[in-house]
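**Q** Contents of my_file.txt (compact mmCIF, N, CA and C atoms and all ligand atoms) are given next:
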```
# COMPACT_ATOMS: atom_id res chain seq x y z
N MET A 162 64.53 -7.90 -168.13
CA MET A 162 63.60 -6.76 -168.14
C MET A 162 63.55 -6.13 -166.75
N THR A 163 63.51 -4.80 -166.75
CA THR A 163 63.42 -4.09 -165.48
C THR A 163 61.99 -3.57 -165.29
N ILE A 164 61.42 -3.92 -164.16
CA ILE A 164 60.03 -3.56 -163.87
C ILE A 164 60.00 -2.64 -162.65
N GLY A 165 59.24 -1.56 -162.77
CA GLY A 165 59.03 -0.67 -161.63
C GLY A 165 57.80 -1.10 -160.87
N ILE A 166 57.82 -0.89 -159.57
CA ILE A 166 56.66 -1.24 -158.75
C ILE A 166 56.42 -0.12 -157.75
N ALA A 167 55.15 0.17 -157.51
CA ALA A 167 54.80 1.26 -156.59
C ALA A 167 53.48 0.93 -155.91
N SER A 168 53.32 1.45 -154.70
CA SER A 168 52.05 1.24 -154.00
C SER A 168 51.87 2.35 -152.96
N ASP A 169 50.65 2.44 -152.45
CA ASP A 169 50.42 3.20 -151.22
C ASP A 169 50.42 2.19 -150.07
N HIS A 170 49.96 2.62 -148.90
CA HIS A 170 49.95 1.74 -147.73
C HIS A 170 49.07 0.51 -147.95
N ALA A 171 47.96 0.67 -148.70
CA ALA A 171 47.04 -0.45 -148.89
C ALA A 171 47.66 -1.56 -149.75
N GLY A 172 48.64 -1.20 -150.56
CA GLY A 172 49.27 -2.19 -151.43
C GLY A 172 50.66 -2.59 -151.00
N ALA A 173 51.11 -2.07 -149.86
CA ALA A 173 52.52 -2.24 -149.49
C ALA A 173 52.94 -3.71 -149.28
N LEU A 174 52.08 -4.48 -148.64
CA LEU A 174 52.46 -5.88 -148.39
C LEU A 174 52.52 -6.67 -149.70
N TYR A 175 51.55 -6.42 -150.57
CA TYR A 175 51.57 -7.11 -151.87
C TYR A 175 52.77 -6.64 -152.70
N LYS A 176 53.11 -5.35 -152.57
CA LYS A 176 54.27 -4.84 -153.32
C LYS A 176 55.53 -5.62 -152.94
N ALA A 177 55.72 -5.84 -151.65
CA ALA A 177 56.90 -6.57 -151.19
C ALA A 177 56.89 -8.01 -151.72
N GLU A 178 55.74 -8.65 -151.64
CA GLU A 178 55.65 -10.05 -152.08
C GLU A 178 55.81 -10.17 -153.60
N ILE A 179 55.21 -9.26 -154.33
CA ILE A 179 55.32 -9.32 -155.80
C ILE A 179 56.74 -8.99 -156.25
N SER A 180 57.40 -8.08 -155.55
CA SER A 180 58.80 -7.77 -155.88
C SER A 180 59.66 -9.03 -155.74
N LEU A 181 59.49 -9.73 -154.63
CA LEU A 181 60.23 -10.98 -154.42
C LEU A 181 59.93 -12.00 -155.51
N TYR A 182 58.65 -12.12 -155.82
CA TYR A 182 58.19 -13.05 -156.86
C TYR A 182 58.89 -12.75 -158.19
N LEU A 183 58.99 -11.47 -158.52
CA LEU A 183 59.61 -11.07 -159.79
C LEU A 183 61.12 -11.34 -159.78
N VAL A 184 61.76 -10.99 -158.68
CA VAL A 184 63.21 -11.19 -158.59
C VAL A 184 63.54 -12.68 -158.71
N ARG A 185 62.75 -13.51 -158.06
CA ARG A 185 62.96 -14.97 -158.14
C ARG A 185 62.80 -15.48 -159.57
N ARG A 186 62.06 -14.77 -160.39
CA ARG A 186 61.86 -15.16 -161.78
C ARG A 186 62.81 -14.46 -162.73
N GLY A 187 63.79 -13.77 -162.19
CA GLY A 187 64.85 -13.22 -163.02
C GLY A 187 64.64 -11.79 -163.50
N TYR A 188 63.58 -11.13 -163.04
CA TYR A 188 63.37 -9.73 -163.42
C TYR A 188 64.17 -8.83 -162.48
N ASP A 189 64.60 -7.68 -163.01
CA ASP A 189 65.14 -6.63 -162.15
C ASP A 189 63.96 -5.77 -161.73
N VAL A 190 63.94 -5.38 -160.46
CA VAL A 190 62.81 -4.61 -159.93
C VAL A 190 63.30 -3.31 -159.32
N VAL A 191 62.65 -2.21 -159.67
CA VAL A 191 62.92 -0.93 -159.03
C VAL A 191 61.68 -0.56 -158.23
N ASP A 192 61.89 -0.32 -156.94
CA ASP A 192 60.79 0.00 -156.02
C ASP A 192 60.65 1.52 -155.88
N PHE A 193 59.52 2.05 -156.34
CA PHE A 193 59.28 3.50 -156.28
C PHE A 193 58.50 3.92 -155.03
N GLY A 194 58.45 3.07 -154.04
CA GLY A 194 57.76 3.39 -152.79
C GLY A 194 56.30 2.96 -152.84
N THR A 195 55.69 3.10 -151.76
CA THR A 195 56.04 3.68 -150.50
C THR A 195 57.14 2.86 -149.81
N TYR A 196 57.96 3.56 -149.05
CA TYR A 196 58.99 2.87 -148.27
C TYR A 196 58.61 2.87 -146.79
N GLU A 197 57.37 3.21 -146.51
CA GLU A 197 56.94 3.34 -145.11
C GLU A 197 55.94 2.27 -144.70
N GLY A 198 56.02 1.12 -145.37
CA GLY A 198 55.16 0.00 -145.00
C GLY A 198 53.70 0.36 -145.09
N THR A 199 52.95 0.01 -144.04
CA THR A 199 51.51 0.24 -144.07
C THR A 199 51.11 1.58 -143.43
N GLN A 200 52.08 2.44 -143.21
CA GLN A 200 51.76 3.80 -142.71
C GLN A 200 51.04 4.59 -143.81
N SER A 201 49.98 5.28 -143.44
CA SER A 201 49.14 5.96 -144.42
C SER A 201 49.90 7.01 -145.24
N VAL A 202 49.79 6.89 -146.55
CA VAL A 202 50.46 7.81 -147.49
C VAL A 202 49.48 8.14 -148.61
N ASP A 203 49.91 8.97 -149.56
CA ASP A 203 49.05 9.41 -150.66
C ASP A 203 49.49 8.73 -151.96
N TYR A 204 48.58 7.95 -152.56
CA TYR A 204 48.96 7.16 -153.74
C TYR A 204 49.53 8.00 -154.91
N PRO A 205 49.11 9.26 -155.14
CA PRO A 205 49.67 9.95 -156.31
C PRO A 205 51.19 10.14 -156.22
N ASP A 206 51.72 10.25 -155.00
CA ASP A 206 53.17 10.43 -154.87
C ASP A 206 53.93 9.27 -155.51
N PHE A 207 53.40 8.08 -155.36
CA PHE A 207 54.12 6.90 -155.83
C PHE A 207 53.74 6.56 -157.27
N ALA A 208 52.53 6.86 -157.65
CA ALA A 208 52.13 6.70 -159.06
C ALA A 208 52.97 7.64 -159.93
N ASN A 209 53.14 8.87 -159.47
CA ASN A 209 53.93 9.84 -160.25
C ASN A 209 55.40 9.43 -160.31
N ALA A 210 55.93 8.89 -159.23
CA ALA A 210 57.33 8.43 -159.24
C ALA A 210 57.51 7.29 -160.24
N LEU A 211 56.57 6.38 -160.26
CA LEU A 211 56.64 5.26 -161.21
C LEU A 211 56.54 5.78 -162.64
N ALA A 212 55.61 6.69 -162.88
CA ALA A 212 55.46 7.24 -164.24
C ALA A 212 56.74 7.91 -164.71
N GLU A 213 57.38 8.62 -163.81
CA GLU A 213 58.64 9.29 -164.17
C GLU A 213 59.73 8.25 -164.49
N GLY A 214 59.77 7.18 -163.71
CA GLY A 214 60.73 6.10 -163.96
C GLY A 214 60.54 5.48 -165.34
N ILE A 215 59.30 5.34 -165.74
CA ILE A 215 59.02 4.77 -167.07
C ILE A 215 59.38 5.79 -168.15
N SER A 216 58.97 7.04 -167.95
CA SER A 216 59.20 8.03 -169.02
C SER A 216 60.69 8.32 -169.19
N LYS A 217 61.48 8.16 -168.13
CA LYS A 217 62.93 8.39 -168.25
C LYS A 217 63.67 7.13 -168.71
N GLY A 218 62.95 6.02 -168.87
CA GLY A 218 63.58 4.80 -169.36
C GLY A 218 64.30 4.01 -168.29
N MET A 219 64.08 4.38 -167.02
CA MET A 219 64.72 3.65 -165.92
C MET A 219 64.14 2.22 -165.80
N VAL A 220 62.84 2.13 -166.07
CA VAL A 220 62.17 0.81 -166.08
C VAL A 220 61.32 0.75 -167.35
N GLU A 221 61.06 -0.48 -167.81
CA GLU A 221 60.30 -0.65 -169.05
C GLU A 221 58.80 -0.58 -168.83
N LYS A 222 58.36 -1.17 -167.73
CA LYS A 222 56.92 -1.19 -167.43
C LYS A 222 56.73 -1.19 -165.93
N GLY A 223 55.49 -1.11 -165.47
CA GLY A 223 55.28 -0.98 -164.04
C GLY A 223 54.07 -1.72 -163.51
N ILE A 224 54.14 -1.96 -162.23
CA ILE A 224 53.02 -2.55 -161.49
C ILE A 224 52.68 -1.57 -160.37
N ALA A 225 51.38 -1.24 -160.24
CA ALA A 225 50.96 -0.25 -159.26
C ALA A 225 49.82 -0.83 -158.42
N LEU A 226 49.96 -0.69 -157.12
CA LEU A 226 48.96 -1.26 -156.22
C LEU A 226 48.44 -0.21 -155.25
N CYS A 227 47.13 -0.18 -155.08
CA CYS A 227 46.52 0.55 -153.97
C CYS A 227 45.30 -0.26 -153.56
N GLY A 228 44.45 0.30 -152.70
CA GLY A 228 43.33 -0.50 -152.21
C GLY A 228 42.46 -1.03 -153.34
N THR A 229 42.00 -0.12 -154.19
CA THR A 229 41.14 -0.53 -155.31
C THR A 229 41.90 -0.65 -156.63
N GLY A 230 43.09 -0.11 -156.69
CA GLY A 230 43.83 0.01 -157.96
C GLY A 230 43.43 1.25 -158.74
N ASN A 231 42.30 1.85 -158.40
CA ASN A 231 41.79 2.97 -159.18
C ASN A 231 42.58 4.26 -158.97
N GLY A 232 42.95 4.55 -157.73
CA GLY A 232 43.71 5.78 -157.49
C GLY A 232 45.01 5.78 -158.27
N MET A 233 45.69 4.64 -158.25
CA MET A 233 46.93 4.50 -159.01
C MET A 233 46.67 4.64 -160.51
N ALA A 234 45.67 3.93 -161.01
CA ALA A 234 45.40 3.95 -162.45
C ALA A 234 44.99 5.35 -162.92
N ILE A 235 44.14 6.02 -162.15
CA ILE A 235 43.69 7.36 -162.54
C ILE A 235 44.88 8.32 -162.60
N THR A 236 45.73 8.26 -161.58
CA THR A 236 46.91 9.15 -161.57
C THR A 236 47.84 8.82 -162.73
N LEU A 237 48.15 7.56 -162.90
CA LEU A 237 49.10 7.15 -163.94
C LEU A 237 48.60 7.53 -165.33
N ASN A 238 47.29 7.44 -165.53
CA ASN A 238 46.76 7.74 -166.86
C ASN A 238 46.75 9.23 -167.18
N HIS A 239 47.13 10.06 -166.22
CA HIS A 239 47.35 11.48 -166.50
C HIS A 239 48.78 11.75 -166.96
N CYS A 240 49.63 10.75 -166.92
CA CYS A 240 51.06 10.96 -167.20
C CYS A 240 51.36 10.57 -168.64
N PRO A 241 52.10 11.42 -169.37
CA PRO A 241 52.42 11.13 -170.77
C PRO A 241 53.11 9.78 -170.93
N GLY A 242 52.70 9.04 -171.93
CA GLY A 242 53.34 7.76 -172.24
C GLY A 242 52.89 6.60 -171.39
N ILE A 243 51.99 6.85 -170.46
CA ILE A 243 51.54 5.77 -169.58
C ILE A 243 50.14 5.32 -170.00
N ARG A 244 49.98 4.01 -170.06
CA ARG A 244 48.66 3.41 -170.23
C ARG A 244 48.52 2.38 -169.10
N ALA A 245 47.77 2.77 -168.08
CA ALA A 245 47.60 1.89 -166.91
C ALA A 245 46.21 1.26 -166.95
N GLY A 246 46.15 -0.02 -166.68
CA GLY A 246 44.87 -0.71 -166.68
C GLY A 246 44.73 -1.61 -165.47
N LEU A 247 43.49 -1.69 -165.02
CA LEU A 247 43.17 -2.46 -163.82
C LEU A 247 42.89 -3.93 -164.19
N ALA A 248 43.39 -4.84 -163.36
CA ALA A 248 43.07 -6.27 -163.54
C ALA A 248 42.74 -6.87 -162.18
N TRP A 249 41.84 -7.84 -162.17
CA TRP A 249 41.45 -8.49 -160.92
C TRP A 249 41.35 -10.01 -161.06
N ASN A 250 41.59 -10.50 -162.27
CA ASN A 250 41.68 -11.95 -162.48
C ASN A 250 42.55 -12.20 -163.72
N ARG A 251 42.79 -13.49 -164.04
CA ARG A 251 43.73 -13.79 -165.13
C ARG A 251 43.25 -13.22 -166.46
N GLU A 252 41.96 -13.29 -166.71
CA GLU A 252 41.45 -12.85 -168.01
C GLU A 252 41.54 -11.33 -168.17
N THR A 253 41.23 -10.58 -167.11
CA THR A 253 41.37 -9.12 -167.24
C THR A 253 42.85 -8.73 -167.35
N ALA A 254 43.72 -9.51 -166.72
CA ALA A 254 45.16 -9.25 -166.84
C ALA A 254 45.64 -9.55 -168.27
N ARG A 255 45.11 -10.60 -168.87
CA ARG A 255 45.48 -10.93 -170.26
C ARG A 255 44.98 -9.83 -171.20
N LEU A 256 43.72 -9.45 -171.02
CA LEU A 256 43.13 -8.48 -171.95
C LEU A 256 43.72 -7.08 -171.83
N VAL A 257 44.14 -6.72 -170.62
CA VAL A 257 44.70 -5.36 -170.47
C VAL A 257 46.02 -5.23 -171.24
N LYS A 258 46.67 -6.35 -171.48
CA LYS A 258 47.86 -6.32 -172.35
C LYS A 258 47.46 -6.58 -173.82
N ALA A 259 46.72 -7.63 -174.07
CA ALA A 259 46.41 -8.04 -175.44
C ALA A 259 45.62 -6.96 -176.19
N HIS A 260 44.69 -6.31 -175.52
CA HIS A 260 43.82 -5.33 -176.19
C HIS A 260 44.19 -3.88 -175.89
N ASN A 261 44.67 -3.60 -174.68
CA ASN A 261 44.94 -2.21 -174.29
C ASN A 261 46.42 -1.87 -174.26
N ASP A 262 47.28 -2.87 -174.42
CA ASP A 262 48.74 -2.68 -174.40
C ASP A 262 49.18 -1.85 -173.19
N ALA A 263 48.63 -2.17 -172.04
CA ALA A 263 48.95 -1.42 -170.82
C ALA A 263 50.42 -1.60 -170.45
N ASN A 264 51.10 -0.47 -170.25
CA ASN A 264 52.48 -0.59 -169.77
C ASN A 264 52.56 -0.49 -168.24
N VAL A 265 51.41 -0.27 -167.62
CA VAL A 265 51.33 -0.40 -166.16
C VAL A 265 50.12 -1.25 -165.81
N LEU A 266 50.35 -2.23 -164.96
CA LEU A 266 49.28 -3.08 -164.45
C LEU A 266 48.88 -2.56 -163.07
N ALA A 267 47.63 -2.15 -162.93
CA ALA A 267 47.12 -1.68 -161.64
C ALA A 267 46.33 -2.80 -160.97
N LEU A 268 46.64 -3.02 -159.70
CA LEU A 268 46.01 -4.14 -158.98
C LEU A 268 45.31 -3.65 -157.70
N PRO A 269 44.11 -4.17 -157.44
CA PRO A 269 43.34 -3.77 -156.26
C PRO A 269 43.68 -4.66 -155.06
N ALA A 270 44.68 -4.24 -154.29
CA ALA A 270 45.23 -5.12 -153.25
C ALA A 270 44.21 -5.50 -152.18
N ARG A 271 43.21 -4.65 -151.95
CA ARG A 271 42.23 -4.98 -150.91
C ARG A 271 41.10 -5.88 -151.42
N PHE A 272 41.12 -6.21 -152.68
CA PHE A 272 39.99 -6.96 -153.24
C PHE A 272 40.37 -8.25 -153.95
N ILE A 273 41.66 -8.55 -154.03
CA ILE A 273 42.06 -9.84 -154.61
C ILE A 273 43.11 -10.46 -153.68
N SER A 274 43.22 -11.79 -153.77
CA SER A 274 44.21 -12.48 -152.93
C SER A 274 45.61 -12.23 -153.49
N LEU A 275 46.60 -12.49 -152.66
CA LEU A 275 47.98 -12.37 -153.13
C LEU A 275 48.25 -13.38 -154.25
N VAL A 276 47.70 -14.57 -154.12
CA VAL A 276 47.87 -15.59 -155.16
C VAL A 276 47.32 -15.06 -156.49
N MET A 277 46.15 -14.44 -156.44
CA MET A 277 45.56 -13.90 -157.67
C MET A 277 46.38 -12.72 -158.19
N ALA A 278 46.88 -11.89 -157.29
CA ALA A 278 47.70 -10.75 -157.73
C ALA A 278 48.93 -11.25 -158.49
N LYS A 279 49.58 -12.29 -157.98
CA LYS A 279 50.76 -12.84 -158.66
C LYS A 279 50.36 -13.46 -159.99
N ALA A 280 49.21 -14.12 -160.03
CA ALA A 280 48.74 -14.73 -161.28
C ALA A 280 48.45 -13.65 -162.33
N CYS A 281 47.92 -12.51 -161.89
CA CYS A 281 47.68 -11.39 -162.81
C CYS A 281 49.00 -10.86 -163.37
N VAL A 282 49.99 -10.71 -162.49
CA VAL A 282 51.30 -10.23 -162.92
C VAL A 282 51.89 -11.17 -163.96
N LYS A 283 51.85 -12.46 -163.67
CA LYS A 283 52.41 -13.47 -164.59
C LYS A 283 51.71 -13.40 -165.95
N MET A 284 50.40 -13.35 -165.93
CA MET A 284 49.64 -13.32 -167.18
C MET A 284 49.94 -12.07 -167.98
N TRP A 285 49.95 -10.92 -167.31
CA TRP A 285 50.21 -9.64 -168.00
C TRP A 285 51.62 -9.64 -168.61
N LEU A 286 52.61 -10.17 -167.88
CA LEU A 286 53.98 -10.17 -168.39
C LEU A 286 54.15 -11.14 -169.56
N GLU A 287 53.38 -12.22 -169.57
CA GLU A 287 53.58 -13.25 -170.59
C GLU A 287 52.67 -13.07 -171.80
N THR A 288 51.81 -12.05 -171.77
CA THR A 288 50.88 -11.82 -172.88
C THR A 288 51.45 -10.77 -173.83
N GLY A 289 51.21 -10.96 -175.12
CA GLY A 289 51.64 -9.97 -176.12
C GLY A 289 50.46 -9.11 -176.57
N PHE A 290 50.77 -7.92 -177.02
CA PHE A 290 49.75 -7.02 -177.57
C PHE A 290 49.31 -7.57 -178.94
N GLU A 291 48.01 -7.58 -179.18
CA GLU A 291 47.50 -8.16 -180.43
C GLU A 291 47.55 -7.21 -181.62
N GLY A 292 47.70 -5.90 -181.36
CA GLY A 292 47.79 -4.95 -182.47
C GLY A 292 46.50 -4.91 -183.29
N GLY A 293 46.63 -4.62 -184.59
CA GLY A 293 45.47 -4.60 -185.49
C GLY A 293 44.43 -3.59 -185.05
N ARG A 294 43.19 -4.04 -184.90
CA ARG A 294 42.11 -3.11 -184.52
C ARG A 294 42.36 -2.48 -183.15
N HIS A 295 43.11 -3.19 -182.31
CA HIS A 295 43.39 -2.65 -180.98
C HIS A 295 44.39 -1.49 -181.07
N GLN A 296 45.32 -1.57 -182.00
CA GLN A 296 46.24 -0.46 -182.22
C GLN A 296 45.47 0.77 -182.71
N ARG A 297 44.53 0.53 -183.62
CA ARG A 297 43.73 1.65 -184.13
C ARG A 297 42.99 2.35 -182.99
N ARG A 298 42.46 1.56 -182.09
CA ARG A 298 41.71 2.14 -180.96
C ARG A 298 42.64 2.90 -180.02
N ILE A 299 43.81 2.34 -179.78
CA ILE A 299 44.78 3.03 -178.91
C ILE A 299 45.20 4.36 -179.54
N ASP A 300 45.36 4.34 -180.87
CA ASP A 300 45.76 5.58 -181.57
C ASP A 300 44.69 6.66 -181.36
N LYS A 301 43.45 6.26 -181.22
CA LYS A 301 42.36 7.24 -181.05
C LYS A 301 42.33 7.82 -179.63
N ILE A 302 43.02 7.20 -178.70
CA ILE A 302 43.04 7.74 -177.33
C ILE A 302 43.80 9.06 -177.31
N ARG A 303 44.88 9.12 -178.11
CA ARG A 303 45.79 10.29 -178.05
C ARG A 303 45.10 11.57 -178.51
C1 LIG B 401 43.48 4.15 -149.22
O1 LIG B 401 42.65 4.07 -148.13
C2 LIG B 401 42.69 3.95 -150.51
O2 LIG B 401 41.84 5.04 -150.72
C3 LIG B 401 43.62 3.80 -151.67
O3 LIG B 401 44.46 2.72 -151.44
C4 LIG B 401 43.00 3.54 -153.02
O4 LIG B 401 42.08 2.50 -152.97
C5 LIG B 401 42.51 4.71 -153.75
O5 LIG B 401 42.12 4.63 -154.90
```
Once you've parsed the file, please lay out its structure as structure tokens.

**A**
Amino acid sequence: MTIGIASDHAGALYKAEISLYLVRRGYDVVDFGTYEGTQSVDYPDFANALAEGISKGMVEKGIALCGTGNGMAITLNHCPGIRAGLAWNRETARLVKAHNDANVLALPARFISLVMAKACVKMWLETGFEGGRHQRRIDKIR
């Protein structure tokens, strides 16, 4: 599976660590930036790049990091075909897939540890969408 990853400056260090974590586990990773480390940048630039990568089929799903995760999630949720959801612990990471079928996991890099961020990624990737009433609700979003 190919996973896209994107962040602003606030998520850049976690982006690098999570990319390594994924590659070590056999995933292909496409990095949509920032490529400028912790130098201040604007999160929509990278959220939009990730969304385009998903919509063009370059990557199947994505991980987006900024300080709170909200800037990334808000931007991504304006993009067709994207359902981005915020997680901050294992259970919210499980539910954002099981109930919301999020194809992008948004993480608040300034508010969770790196260990927790990796645990969220693992949980989200290993969880399946439950469908049923949750599919009905997702259909109502459109
Ligand atoms: C950057 O300072 C911060 O505003 C950004 O990373 C994010 O938290 C926005 O939602």

**Q** Give me, please, the distance in Å between atom N of His295 (chain A) and atom C of Gly242 (chain A), quoted to one decimal.

**A**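 It comes out at 17.6 Å.
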
**Q** Dump the neighbourhood of ligand LIG 401 (chain B) as a PDB file with N, CA and C atoms, in the frame of the given file: all residues within 7 Å, distances computed on only N, CA and C atoms and all ligand atoms.

**A**
```pdb
ATOM      1  N   ASP A 169      50.650   2.440-152.450  1.00  0.00           N
ATOM      2  CA  ASP A 169      50.420   3.200-151.220  1.00  0.00           C
ATOM      3  C   ASP A 169      50.420   2.190-150.070  1.00  0.00           C
ATOM      4  N   HIS A 170      49.960   2.620-148.900  1.00  0.00           N
ATOM      5  CA  HIS A 170      49.950   1.740-147.730  1.00  0.00           C
ATOM      6  C   HIS A 170      49.070   0.510-147.950  1.00  0.00           C
ATOM      7  N   ALA A 171      47.960   0.670-148.700  1.00  0.00           N
ATOM      8  CA  ALA A 171      47.040  -0.450-148.890  1.00  0.00           C
ATOM      9  C   ALA A 171      47.660  -1.560-149.750  1.00  0.00           C
ATOM     10  N   GLY A 172      48.640  -1.200-150.560  1.00  0.00           N
ATOM     11  CA  GLY A 172      49.270  -2.190-151.430  1.00  0.00           C
ATOM     12  C   GLY A 172      50.660  -2.590-151.000  1.00  0.00           C
ATOM     13  N   TYR A 204      48.580   7.950-152.560  1.00  0.00           N
ATOM     14  CA  TYR A 204      48.960   7.160-153.740  1.00  0.00           C
ATOM     15  C   TYR A 204      49.530   8.000-154.910  1.00  0.00           C
ATOM     16  N   LEU A 226      49.960  -0.690-157.120  1.00  0.00           N
ATOM     17  CA  LEU A 226      48.960  -1.260-156.220  1.00  0.00           C
ATOM     18  C   LEU A 226      48.440  -0.210-155.250  1.00  0.00           C
ATOM     19  N   CYS A 227      47.130  -0.180-155.080  1.00  0.00           N
ATOM     20  CA  CYS A 227      46.520   0.550-153.970  1.00  0.00           C
ATOM     21  C   CYS A 227      45.300  -0.260-153.560  1.00  0.00           C
ATOM     22  N   GLY A 228      44.450   0.300-152.700  1.00  0.00           N
ATOM     23  CA  GLY A 228      43.330  -0.500-152.210  1.00  0.00           C
ATOM     24  C   GLY A 228      42.460  -1.030-153.340  1.00  0.00           C
ATOM     25  N   THR A 229      42.000  -0.120-154.190  1.00  0.00           N
ATOM     26  CA  THR A 229      41.140  -0.530-155.310  1.00  0.00           C
ATOM     27  C   THR A 229      41.900  -0.650-156.630  1.00  0.00           C
ATOM     28  N   GLY A 230      43.090  -0.110-156.690  1.00  0.00           N
ATOM     29  CA  GLY A 230      43.830   0.010-157.960  1.00  0.00           C
ATOM     30  C   GLY A 230      43.430   1.250-158.740  1.00  0.00           C
ATOM     31  N   ASN A 231      42.300   1.850-158.400  1.00  0.00           N
ATOM     32  CA  ASN A 231      41.790   2.970-159.180  1.00  0.00           C
ATOM     33  C   ASN A 231      42.580   4.260-158.970  1.00  0.00           C
ATOM     34  N   GLY A 232      42.950   4.550-157.730  1.00  0.00           N
ATOM     35  CA  GLY A 232      43.710   5.780-157.490  1.00  0.00           C
ATOM     36  C   GLY A 232      45.010   5.780-158.270  1.00  0.00           C
ATOM     37  N   MET A 233      45.690   4.640-158.250  1.00  0.00           N
ATOM     38  CA  MET A 233      46.930   4.500-159.010  1.00  0.00           C
ATOM     39  C   MET A 233      46.670   4.640-160.510  1.00  0.00           C
TER      40      MET A 233
END
```

**Q** With all atoms listed in the file as the basis for distance, which of A:Arg185, A:Arg271, A:Lys258, A:Lys279 is at the shortest distance from Glu291 (chain A)?

**A**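 Residue with the minimum atom-to-atom distance to Glu291 (chain A): A:Lys258.
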
**Q** May I ask which of the residues A:Leu256, A:Pro241, A:Phe272, A:Val202 is the closest one to Ser216 (chain A), counting all atoms listed in the file?

**A** A:Pro241

**Q** Which distance in Å separates atom C of Gly214 (chain A) and CA of Gly165 (chain A), to one decimal?

**A** 7.3 Å

**Q** Figure out the distance between atom N of Asp262 (chain A) and atom C of Glu178 (chain A), please, to one decimal in Å.

**A**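 According to the coordinates, atom C of Glu178 (chain A) and atom N of Asp262 (chain A) are separated by 23.7 Å.
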
**Q** Need to verify the contact set: Asn264 (chain A), 10 Å, only C-alpha atoms, exclusion of same-chain residues closer than 2 positions in sequence. Can you return it as a list in words?

**A**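 In the requested format, the answer is Ile215, Glu221, Lys222, Gly223, Ile224, Gly242, Ile243, Arg244, Ala245, Gly246, Val257, Lys258, Asn261, Asp262, Leu266, Ala267, Trp285 and Leu286 of chain A.
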
**Q** Determine the nearest neighbour of Tyr182 (chain A) from the options A:Ile299, A:Ala278, A:Ala259, A:Ala210, counting only C-alpha atoms.

**A**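 Closest to Tyr182 (chain A), using only C-alpha atoms: A:Ala278.
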
**Q** Could you work out an axis-aligned bounding box for all listed atoms of region 261-267 of chain A, with 6 Å added on each of the six sides, and give its centre and edge lengths in Å to one decimal, as lines of an AutoDock Vina configuration file?

**A**
```
center_x = 48.6
center_y = -1.9
center_z = -167.8
size_x = 19.9
size_y = 15.3
size_z = 25.7
```

**Q** From the options A:Val282, A:Leu181, A:Ala225, A:Ala248, which residue's atoms come nearest to Ile166 (chain A), counting all atoms listed in the file?

**A**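 Nearest to Ile166 (chain A): A:Ala225.
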
**Q** Counting only C-alpha atoms, which of A:Val220, A:His239, A:Gly187, A:Asp206 gets nearest to Arg303 (chain A)?

**A**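 Ranked by minimum distance to Arg303 (chain A), first place goes to A:His239.
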